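Next comes upload-v1.json, with JSON, C-alpha atoms.
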```json
[["chain", "number", "residue", "atom", "x", "y", "z"],
["A", 1, "MET", "CA", 89.13, 16.72, 58.60],
["A", 2, "GLN", "CA", 86.81, 14.14, 56.98],
["A", 3, "ALA", "CA", 83.96, 15.22, 59.23],
["A", 4, "ASP", "CA", 84.55, 18.87, 58.35],
["A", 5, "LYS", "CA", 84.42, 18.08, 54.63],
["A", 6, "HIS", "CA", 81.20, 16.14, 55.05],
["A", 7, "GLU", "CA", 79.61, 19.03, 56.89],
["A", 8, "GLU", "CA", 80.56, 21.46, 54.13],
["A", 9, "LYS", "CA", 78.71, 19.42, 51.48],
["A", 10, "VAL", "CA", 75.35, 19.48, 53.24],
["A", 11, "PRO", "CA", 74.69, 23.25, 52.89],
["A", 12, "ASP", "CA", 75.67, 23.08, 49.22],
["A", 13, "ARG", "CA", 73.13, 20.34, 48.54],
["A", 14, "ALA", "CA", 70.47, 22.14, 50.50],
["A", 15, "GLY", "CA", 71.26, 25.36, 48.66],
["A", 16, "ALA", "CA", 70.95, 23.61, 45.30],
["A", 17, "GLN", "CA", 67.60, 22.12, 46.29],
["A", 18, "SER", "CA", 66.43, 25.52, 47.53],
["A", 19, "GLY", "CA", 67.54, 27.17, 44.31],
["A", 20, "SER", "CA", 65.70, 24.57, 42.23],
["A", 21, "GLY", "CA", 62.56, 25.05, 44.32],
["A", 22, "ASN", "CA", 62.80, 28.82, 43.90],
["A", 23, "GLY", "CA", 63.20, 28.37, 40.16],
["A", 24, "ILE", "CA", 60.06, 26.26, 39.92],
["A", 25, "LEU", "CA", 58.15, 28.82, 42.02],
["A", 26, "LEU", "CA", 59.29, 31.64, 39.71],
["A", 27, "ALA", "CA", 58.21, 29.62, 36.67],
["A", 28, "LEU", "CA", 54.84, 28.93, 38.29],
["A", 29, "ILE", "CA", 54.30, 32.66, 38.90],
["A", 30, "ALA", "CA", 55.41, 33.52, 35.36],
["A", 31, "PHE", "CA", 53.17, 31.02, 33.59],
["A", 32, "SER", "CA", 50.25, 31.97, 35.84],
["A", 33, "GLY", "CA", 50.71, 35.61, 34.84],
["A", 34, "PHE", "CA", 50.51, 35.15, 31.07],
["A", 35, "PRO", "CA", 46.75, 34.39, 31.00],
["A", 36, "VAL", "CA", 46.16, 37.56, 33.02],
["A", 37, "GLY", "CA", 47.54, 39.59, 30.12],
["A", 38, "ASP", "CA", 45.38, 37.58, 27.71],
["A", 39, "ALA", "CA", 42.32, 38.35, 29.83],
["A", 40, "ILE", "CA", 43.11, 42.08, 29.72],
["A", 41, "ILE", "CA", 43.35, 41.89, 25.93],
["A", 42, "LYS", "CA", 40.01, 40.05, 25.78],
["A", 43, "SER", "CA", 38.44, 42.78, 27.91],
["A", 44, "MET", "CA", 39.11, 45.26, 25.07],
["A", 45, "ALA", "CA", 36.89, 43.41, 22.59],
["A", 46, "GLY", "CA", 34.46, 45.99, 21.24],
["A", 47, "ASP", "CA", 36.58, 48.93, 22.41],
["A", 48, "TRP", "CA", 39.26, 48.75, 19.71],
["A", 49, "PRO", "CA", 39.91, 46.22, 16.91],
["A", 50, "ALA", "CA", 42.38, 43.40, 17.58],
["A", 51, "PRO", "CA", 45.02, 44.46, 14.99],
["A", 52, "ALA", "CA", 45.13, 47.99, 16.39],
["A", 53, "VAL", "CA", 45.41, 46.73, 19.97],
["A", 54, "ALA", "CA", 48.21, 44.36, 18.93],
["A", 55, "ALA", "CA", 50.06, 47.16, 17.10],
["A", 56, "LEU", "CA", 49.74, 49.49, 20.10],
["A", 57, "ARG", "CA", 50.85, 46.81, 22.55],
["A", 58, "PHE", "CA", 54.02, 45.92, 20.62],
["A", 59, "SER", "CA", 54.85, 49.52, 19.76],
["A", 60, "MET", "CA", 54.85, 50.33, 23.46],
["A", 61, "GLY", "CA", 56.85, 47.16, 24.15],
["A", 62, "ALA", "CA", 59.43, 47.99, 21.47],
["A", 63, "ILE", "CA", 59.94, 51.50, 22.88],
["A", 64, "ALA", "CA", 60.41, 50.11, 26.40],
["A", 65, "LEU", "CA", 62.83, 47.42, 25.19],
["A", 66, "ALA", "CA", 64.78, 50.02, 23.18],
["A", 67, "ALA", "CA", 65.28, 52.07, 26.33],
["A", 68, "ILE", "CA", 66.42, 49.00, 28.29],
["A", 69, "LEU", "CA", 68.76, 47.90, 25.49],
["A", 70, "PHE", "CA", 70.34, 51.35, 25.23],
["A", 71, "TRP", "CA", 70.77, 51.48, 29.00],
["A", 72, "LYS", "CA", 72.39, 48.02, 29.07],
["A", 73, "GLU", "CA", 74.51, 48.07, 25.90],
["A", 74, "GLY", "CA", 74.49, 51.58, 24.44],
["A", 75, "ARG", "CA", 74.45, 52.13, 20.69],
["A", 76, "ALA", "CA", 76.32, 48.86, 20.11],
["A", 77, "GLY", "CA", 73.21, 46.97, 21.19],
["A", 78, "PHE", "CA", 71.37, 48.11, 18.08],
["A", 79, "GLU", "CA", 73.95, 46.77, 15.63],
["A", 80, "VAL", "CA", 72.39, 43.76, 13.95],
["A", 81, "SER", "CA", 73.57, 41.00, 11.63],
["A", 82, "ARG", "CA", 71.24, 39.00, 9.37],
["A", 83, "PRO", "CA", 68.42, 41.57, 9.65],
["A", 84, "MET", "CA", 66.08, 39.56, 7.41],
["A", 85, "LEU", "CA", 66.15, 36.71, 9.90],
["A", 86, "HIS", "CA", 65.05, 39.07, 12.67],
["A", 87, "ALA", "CA", 62.37, 40.46, 10.36],
["A", 88, "ALA", "CA", 61.11, 36.90, 9.84],
["A", 89, "ARG", "CA", 60.97, 36.45, 13.63],
["A", 90, "GLY", "CA", 58.94, 39.64, 13.89],
["A", 91, "LEU", "CA", 56.59, 38.51, 11.13],
["A", 92, "SER", "CA", 56.01, 35.20, 12.93],
["A", 93, "LEU", "CA", 55.31, 36.99, 16.21],
["A", 94, "ALA", "CA", 52.94, 39.38, 14.44],
["A", 95, "ALA", "CA", 51.06, 36.40, 12.99],
["A", 96, "VAL", "CA", 50.91, 34.77, 16.44],
["A", 97, "THR", "CA", 49.65, 37.95, 18.08],
["A", 98, "LEU", "CA", 47.12, 38.90, 15.42],
["A", 99, "SER", "CA", 45.56, 35.44, 15.21],
["A", 100, "PHE", "CA", 45.55, 34.83, 18.97],
["A", 101, "PHE", "CA", 44.19, 38.28, 19.88],
["A", 102, "SER", "CA", 41.46, 37.84, 17.27],
["A", 103, "ALA", "CA", 40.70, 34.38, 18.68],
["A", 104, "ILE", "CA", 40.27, 35.51, 22.28],
["A", 105, "TYR", "CA", 38.07, 38.37, 21.08],
["A", 106, "ILE", "CA", 35.49, 35.89, 19.74],
["A", 107, "MET", "CA", 35.84, 32.63, 21.69],
["A", 108, "PRO", "CA", 36.33, 31.48, 25.30],
["A", 109, "LEU", "CA", 39.82, 32.26, 26.62],
["A", 110, "ALA", "CA", 40.34, 28.74, 27.97],
["A", 111, "ASP", "CA", 39.58, 27.14, 24.58],
["A", 112, "ALA", "CA", 41.92, 29.48, 22.70],
["A", 113, "VAL", "CA", 44.75, 28.85, 25.17],
["A", 114, "ALA", "CA", 44.22, 25.08, 25.10],
["A", 115, "ILE", "CA", 44.31, 24.89, 21.30],
["A", 116, "SER", "CA", 47.44, 27.07, 21.19],
["A", 117, "PHE", "CA", 49.20, 24.47, 23.39],
["A", 118, "VAL", "CA", 49.57, 22.28, 20.31],
["A", 119, "SER", "CA", 52.56, 24.52, 19.48],
["A", 120, "PRO", "CA", 55.22, 22.24, 21.08],
["A", 121, "ILE", "CA", 53.94, 19.34, 18.97],
["A", 122, "LEU", "CA", 54.06, 21.45, 15.81],
["A", 123, "THR", "CA", 57.55, 22.63, 16.74],
["A", 124, "ALA", "CA", 58.74, 19.03, 17.00],
["A", 125, "LEU", "CA", 57.22, 18.26, 13.59],
["A", 126, "ILE", "CA", 58.54, 21.37, 11.85],
["A", 127, "SER", "CA", 62.02, 21.13, 13.36],
["A", 128, "GLY", "CA", 62.19, 17.46, 12.35],
["A", 129, "TRP", "CA", 61.39, 18.41, 8.76],
["A", 130, "PHE", "CA", 63.45, 21.60, 8.74],
["A", 131, "LEU", "CA", 66.55, 20.10, 10.37],
["A", 132, "LYS", "CA", 66.18, 16.79, 8.50],
["A", 133, "GLU", "CA", 65.97, 14.84, 11.74],
["A", 134, "LYS", "CA", 64.25, 11.46, 11.97],
["A", 135, "MET", "CA", 60.97, 11.65, 13.87],
["A", 136, "ARG", "CA", 60.78, 9.33, 16.89],
["A", 137, "PRO", "CA", 57.65, 7.18, 17.41],
["A", 138, "SER", "CA", 56.88, 9.13, 20.60],
["A", 139, "THR", "CA", 56.66, 12.36, 18.59],
["A", 140, "TRP", "CA", 54.20, 10.81, 16.14],
["A", 141, "ILE", "CA", 52.06, 9.45, 19.00],
["A", 142, "ALA", "CA", 52.00, 12.85, 20.73],
["A", 143, "THR", "CA", 51.15, 14.56, 17.44],
["A", 144, "ILE", "CA", 48.23, 12.26, 16.65],
["A", 145, "VAL", "CA", 46.77, 12.55, 20.17],
["A", 146, "ALA", "CA", 47.23, 16.34, 20.26],
["A", 147, "PHE", "CA", 45.53, 16.90, 16.93],
["A", 148, "GLY", "CA", 42.73, 14.61, 18.02],
["A", 149, "GLY", "CA", 42.27, 16.90, 21.02],
["A", 150, "VAL", "CA", 42.34, 19.97, 18.75],
["A", 151, "LEU", "CA", 39.63, 18.51, 16.51],
["A", 152, "ILE", "CA", 37.46, 17.75, 19.54],
["A", 153, "MET", "CA", 37.90, 21.30, 20.87],
["A", 154, "LEU", "CA", 37.26, 22.89, 17.49],
["A", 155, "ARG", "CA", 33.99, 21.04, 16.91],
["A", 156, "PRO", "CA", 31.82, 23.09, 19.29],
["A", 157, "ASN", "CA", 33.72, 26.31, 18.52],
["A", 158, "VAL", "CA", 33.43, 26.02, 14.75],
["A", 159, "ALA", "CA", 29.73, 25.34, 15.20],
["A", 160, "ALA", "CA", 29.35, 28.47, 17.34],
["A", 161, "PHE", "CA", 31.79, 30.92, 15.72],
["A", 162, "GLY", "CA", 32.48, 29.53, 12.23],
["A", 163, "TRP", "CA", 35.88, 28.73, 10.77],
["A", 164, "VAL", "CA", 37.47, 31.76, 12.47],
["A", 165, "ALA", "CA", 37.67, 29.41, 15.46],
["A", 166, "VAL", "CA", 40.78, 27.88, 13.86],
["A", 167, "LEU", "CA", 42.66, 31.12, 14.64],
["A", 168, "PRO", "CA", 44.39, 29.72, 17.77],
["A", 169, "LEU", "CA", 45.61, 26.80, 15.64],
["A", 170, "ILE", "CA", 47.11, 29.33, 13.20],
["A", 171, "ALA", "CA", 48.69, 31.06, 16.20],
["A", 172, "ALA", "CA", 50.21, 27.76, 17.32],
["A", 173, "GLY", "CA", 51.72, 27.17, 13.87],
["A", 174, "ALA", "CA", 53.17, 30.67, 13.75],
["A", 175, "MET", "CA", 54.55, 30.23, 17.28],
["A", 176, "SER", "CA", 56.36, 27.07, 16.16],
["A", 177, "SER", "CA", 57.96, 28.94, 13.27],
["A", 178, "MET", "CA", 59.01, 31.72, 15.63],
["A", 179, "LEU", "CA", 60.61, 29.26, 18.07],
["A", 180, "ILE", "CA", 62.68, 27.70, 15.30],
["A", 181, "LEU", "CA", 63.77, 31.13, 14.05],
["A", 182, "ASN", "CA", 64.67, 32.07, 17.64],
["A", 183, "ARG", "CA", 66.99, 29.07, 17.80],
["A", 184, "MET", "CA", 68.74, 30.29, 14.67],
["A", 185, "VAL", "CA", 69.62, 33.64, 16.29],
["A", 186, "SER", "CA", 70.04, 32.47, 19.89],
["A", 187, "SER", "CA", 73.83, 32.78, 19.79],
["A", 188, "GLN", "CA", 74.01, 36.06, 17.89],
["A", 189, "ARG", "CA", 72.98, 38.75, 20.35],
["A", 190, "SER", "CA", 72.07, 39.35, 23.98],
["A", 191, "ILE", "CA", 68.63, 38.50, 25.27],
["A", 192, "PHE", "CA", 67.71, 42.20, 25.43],
["A", 193, "ALA", "CA", 68.76, 42.77, 21.80],
["A", 194, "ALA", "CA", 66.92, 39.66, 20.63],
["A", 195, "GLN", "CA", 63.73, 40.76, 22.41],
["A", 196, "PHE", "CA", 63.97, 44.29, 21.01],
["A", 197, "TYR", "CA", 64.46, 43.16, 17.41],
["A", 198, "ILE", "CA", 61.48, 40.83, 17.44],
["A", 199, "ALA", "CA", 59.23, 43.41, 19.14],
["A", 200, "PHE", "CA", 60.39, 46.13, 16.72],
["A", 201, "TRP", "CA", 59.60, 44.11, 13.61],
["A", 202, "ALA", "CA", 56.35, 42.76, 15.08],
["A", 203, "ALA", "CA", 55.23, 46.35, 15.78],
["A", 204, "ILE", "CA", 55.92, 47.31, 12.15],
["A", 205, "PHE", "CA", 54.04, 44.35, 10.67],
["A", 206, "LEU", "CA", 51.13, 44.74, 13.09],
["A", 207, "THR", "CA", 50.85, 48.46, 12.30],
["A", 208, "VAL", "CA", 50.68, 47.62, 8.58],
["A", 209, "ALA", "CA", 47.99, 45.01, 9.34],
["A", 210, "ALA", "CA", 46.02, 47.50, 11.44],
["A", 211, "VAL", "CA", 46.11, 50.15, 8.68],
["A", 212, "ALA", "CA", 45.16, 47.61, 6.00],
["A", 213, "GLY", "CA", 42.34, 46.26, 8.17],
["A", 214, "HIS", "CA", 41.07, 49.77, 8.81],
["A", 215, "PHE", "CA", 40.56, 50.42, 5.08],
["A", 216, "LEU", "CA", 39.69, 46.94, 3.83],
["A", 217, "LEU", "CA", 37.61, 45.25, 6.56],
["A", 218, "PRO", "CA", 34.67, 46.96, 8.28],
["A", 219, "SER", "CA", 35.13, 44.80, 11.41],
["A", 220, "MET", "CA", 38.70, 46.13, 11.80],
["A", 221, "HIS", "CA", 37.81, 49.80, 11.33],
["A", 222, "VAL", "CA", 39.69, 51.96, 13.85],
["A", 223, "PRO", "CA", 37.16, 54.45, 15.25],
["A", 224, "GLY", "CA", 39.81, 56.99, 16.21],
["A", 225, "VAL", "CA", 42.36, 57.65, 18.91],
["A", 226, "PRO", "CA", 42.03, 55.02, 21.65],
["A", 227, "ASP", "CA", 40.52, 55.99, 24.97],
["A", 228, "TRP", "CA", 42.89, 56.35, 27.90],
["A", 229, "ASP", "CA", 41.74, 53.06, 29.40],
["A", 230, "VAL", "CA", 42.69, 51.15, 26.22],
["A", 231, "VAL", "CA", 46.17, 52.68, 26.35],
["A", 232, "LEU", "CA", 46.40, 51.89, 30.06],
["A", 233, "ARG", "CA", 45.37, 48.27, 29.58],
["A", 234, "CYS", "CA", 47.90, 47.85, 26.76],
["A", 235, "ALA", "CA", 50.59, 49.30, 29.04],
["A", 236, "ILE", "CA", 49.61, 46.86, 31.79],
["A", 237, "VAL", "CA", 49.90, 43.96, 29.32],
["A", 238, "VAL", "CA", 53.38, 45.18, 28.31],
["A", 239, "ILE", "CA", 54.42, 45.28, 31.99],
["A", 240, "THR", "CA", 52.90, 41.90, 32.90],
["A", 241, "ALA", "CA", 54.28, 40.14, 29.81],
["A", 242, "THR", "CA", 57.76, 41.62, 30.29],
["A", 243, "SER", "CA", 57.72, 40.74, 33.98],
["A", 244, "CYS", "CA", 56.61, 37.16, 33.27],
["A", 245, "HIS", "CA", 59.33, 36.70, 30.65],
["A", 246, "PHE", "CA", 61.89, 38.07, 33.10],
["A", 247, "LEU", "CA", 60.69, 35.72, 35.86],
["A", 248, "LEU", "CA", 60.86, 32.82, 33.42],
["A", 249, "TYR", "CA", 64.42, 33.76, 32.51],
["A", 250, "MET", "CA", 65.29, 33.89, 36.22],
["A", 251, "ALA", "CA", 63.66, 30.49, 36.71],
["A", 252, "THR", "CA", 65.82, 28.85, 34.04],
["A", 253, "MET", "CA", 68.89, 30.26, 35.78],
["A", 254, "ARG", "CA", 67.91, 28.49, 39.02],
["A", 255, "THR", "CA", 66.69, 25.15, 37.69],
["A", 256, "THR", "CA", 66.73, 23.09, 34.51],
["A", 257, "ALA", "CA", 64.63, 23.78, 31.43],
["A", 258, "ALA", "CA", 63.28, 20.23, 31.75],
["A", 259, "ALA", "CA", 61.90, 21.08, 35.19],
["A", 260, "VAL", "CA", 60.32, 24.30, 33.93],
["A", 261, "ALA", "CA", 58.77, 22.92, 30.72],
["A", 262, "PRO", "CA", 55.74, 21.04, 32.13],
["A", 263, "ILE", "CA", 54.77, 23.99, 34.34],
["A", 264, "VAL", "CA", 53.62, 25.81, 31.18],
["A", 265, "TYR", "CA", 50.33, 23.92, 31.41],
["A", 266, "VAL", "CA", 49.35, 25.85, 34.53],
["A", 267, "GLN", "CA", 48.30, 28.52, 32.02],
["A", 268, "LEU", "CA", 45.38, 26.32, 31.02],
["A", 269, "ILE", "CA", 44.17, 26.09, 34.62],
["A", 270, "VAL", "CA", 44.45, 29.85, 35.18],
["A", 271, "ALA", "CA", 42.89, 30.65, 31.79],
["A", 272, "SER", "CA", 40.00, 28.27, 32.52],
["A", 273, "ALA", "CA", 39.35, 29.91, 35.88],
["A", 274, "ILE", "CA", 39.42, 33.40, 34.33],
["A", 275, "SER", "CA", 37.21, 32.26, 31.45],
["A", 276, "VAL", "CA", 34.55, 30.85, 33.81],
["A", 277, "PHE", "CA", 34.61, 33.26, 36.76],
["A", 278, "ILE", "CA", 35.50, 36.55, 35.03],
["A", 279, "PHE", "CA", 33.92, 36.25, 31.58],
["A", 280, "GLY", "CA", 31.17, 33.80, 32.51],
["A", 281, "ASP", "CA", 31.95, 31.34, 29.71],
["A", 282, "PRO", "CA", 30.18, 27.99, 30.16],
["A", 283, "ILE", "CA", 32.24, 24.83, 30.61],
["A", 284, "ASP", "CA", 31.90, 22.54, 27.59],
["A", 285, "PRO", "CA", 32.52, 18.91, 28.66],
["A", 286, "LEU", "CA", 33.65, 17.98, 25.15],
["A", 287, "ALA", "CA", 36.13, 20.87, 25.10],
["A", 288, "LEU", "CA", 37.49, 19.63, 28.44],
["A", 289, "VAL", "CA", 38.15, 16.23, 26.87],
["A", 290, "GLY", "CA", 39.98, 17.83, 23.95],
["A", 291, "GLY", "CA", 42.01, 20.08, 26.24],
["A", 292, "GLY", "CA", 42.93, 17.07, 28.38],
["A", 293, "LEU", "CA", 44.23, 15.19, 25.32],
["A", 294, "ILE", "CA", 46.39, 18.17, 24.31],
["A", 295, "LEU", "CA", 47.70, 18.42, 27.87],
["A", 296, "LEU", "CA", 48.53, 14.71, 28.06],
["A", 297, "SER", "CA", 50.23, 14.70, 24.66],
["A", 298, "GLY", "CA", 52.41, 17.65, 25.65],
["A", 299, "LEU", "CA", 53.44, 16.01, 28.91],
["A", 300, "PHE", "CA", 54.09, 12.72, 27.10],
["A", 301, "LEU", "CA", 56.32, 14.47, 24.55],
["A", 302, "TRP", "CA", 58.18, 16.32, 27.31],
["A", 303, "ARG", "CA", 58.76, 13.09, 29.23],
["A", 304, "SER", "CA", 59.98, 11.21, 26.14],
["A", 305, "GLU", "CA", 62.34, 14.06, 25.20],
["A", 306, "ARG", "CA", 63.71, 14.09, 28.74],
["A", 307, "LYS", "CA", 64.30, 10.32, 28.72],
["A", 308, "ALA", "CA", 66.02, 10.55, 25.31],
["A", 309, "ALA", "CA", 68.29, 13.30, 26.61],
["A", 310, "THR", "CA", 69.17, 11.18, 29.66],
["A", 311, "VAL", "CA", 70.12, 8.25, 27.43],
["A", 312, "LEU", "CA", 72.34, 10.47, 25.27],
["A", 313, "GLU", "CA", 74.08, 11.92, 28.34],
["A", 314, "ALA", "CA", 74.72, 8.40, 29.69]]
```
Structure encoded using structure tokens:
Amino acid sequence: MQADKHEEKVPDRAGAQSGSGNGILLALIAFSGFPVGDAIIKSMAGDWPAPAVAALRFSMGAIALAAILFWKEGRAGFEVSRPMLHAARGLSLAAVTLSFFSAIYIMPLADAVAISFVSPILTALISGWFLKEKMRPSTWIATIVAFGGVLIMLRPNVAAFGWVAVLPLIAAGAMSSMLILNRMVSSQRSIFAAQFYIAFWAAIFLTVAAVAGHFLLPSMHVPGVPDWDVVLRCAIVVITATSCHFLLYMATMRTTAAAVAPIVYVQLIVASAISVFIFGDPIDPLALVGGGLILLSGLFLWRSERKAATVLEA
């Protein structure tokens, strides 16, 4: 009997290890796919202005998510509480999208992605202030190192593109606000409803921005109805982004969030490869140093958070 029990435990342990490995693989695929969508957006620079592309992309995404939500939950899925909170989420996402799309239109993809990775550090700072939590020394260290990396990366970009090169930093700040707002609604609705609401409001705000840009800024003038290839590329971005988010959700079901978190930095490797080999952007050694500091600070913060969580559980 004892031998039989021992034999039954081995497949369970192997299955758990296999599931964890599958989860990490799914996360790796998901995070590798996000820069592909960014590259497709960058390829539309000169074809259609960034606000219009962003509005089209999220309008298509909202329609697709509405169909999925109705299929999954029916009319009840569209009943919403605290609508202003969801509108704030949409506004944050619109700010992220508009600033990041504009950034990758004008600067190397790898640099924009690297600077946007300061978002976890900003989230730790903002949540500490917003939730009145005491900041740990590790958070301050990570913050100082990360912003040092950002300043190093911005130096050559500001010199080349002007102060619009701070756009990915604005995107990182807006992303941090969105993550905190997401936490505030995480227990209210299903994941499909939450994704629909934020895409719906983002589409509205981005459409307003596109119309305002069309009339107020010559660089954002919409020349007319988009060509079929612009619509197609936006549709591909909707599909790739949705698929990556779904794979990421599946990954967190198979392994821990702590195991998934550091894999996010594979985006920088993929974005760098796309930036160099697809768009022909030169490698700036100084930008590599700055990106490395941001990467190290993020990993340091993740490790310190994981160790703190282990101590609390003990």
Pick out the residues sitting within 7 Å of stretch 73-78 of chain A, and hand them over as a list in words; count only C-alpha atoms, and ignore anything fewer than 3 positions along from it in its own chain. Leu69, Phe70 and Ala193 of chain A
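Taking only C-alpha atoms into account, A:Ala287 lies nearest to A:Ala112 out of the set A:Met60, A:Ala273, A:Ala112, A:Ala52.
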So that I can see what lies close to A:Ala203, please list as number ranges by chain the residues with an atom at most 7 Å from it, counting all atoms listed in the file and leaving out residues fewer than 4 positions away in the same chain. A: 55, 58-59, 199, 207
Counting all atoms listed in the file, what is within 8 Å of A:Ala54, bar same-chain residues fewer than 3 positions away, as a PyMOL selection string? chain A and resi 50-51+57-58+97-98+101+203+206
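Compared by their closest atoms to A:Val158, and using all atoms listed in the file, the residues A:Trp48, A:Ala124, A:Ala103, A:Ile41 rank with A:Ala103 nearest.
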Skip A:Thr240 itself and residues of its chain fewer than 4 positions away, then list as a PyMOL selection string all residues within 10 Å of it, counting all atoms listed in the file. chain A and resi 30+33-37+234-236+244-246
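Using only C-alpha atoms, the nearest neighbour of A:Gln195 within the list A:Asn182, A:Ile170, A:Pro223, A:Ile239 is A:Asn182.
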Just checking: using only C-alpha atoms, which residue out of A:Phe279, A:Phe100, A:Phe117, A:Phe205 ends up closest to A:Leu299? A:Phe117
Which of these, A:Leu167, A:Leu93, A:Ala67, A:Leu217, has the shortest distance to A:Val113 once you count all atoms listed in the file? A:Leu167
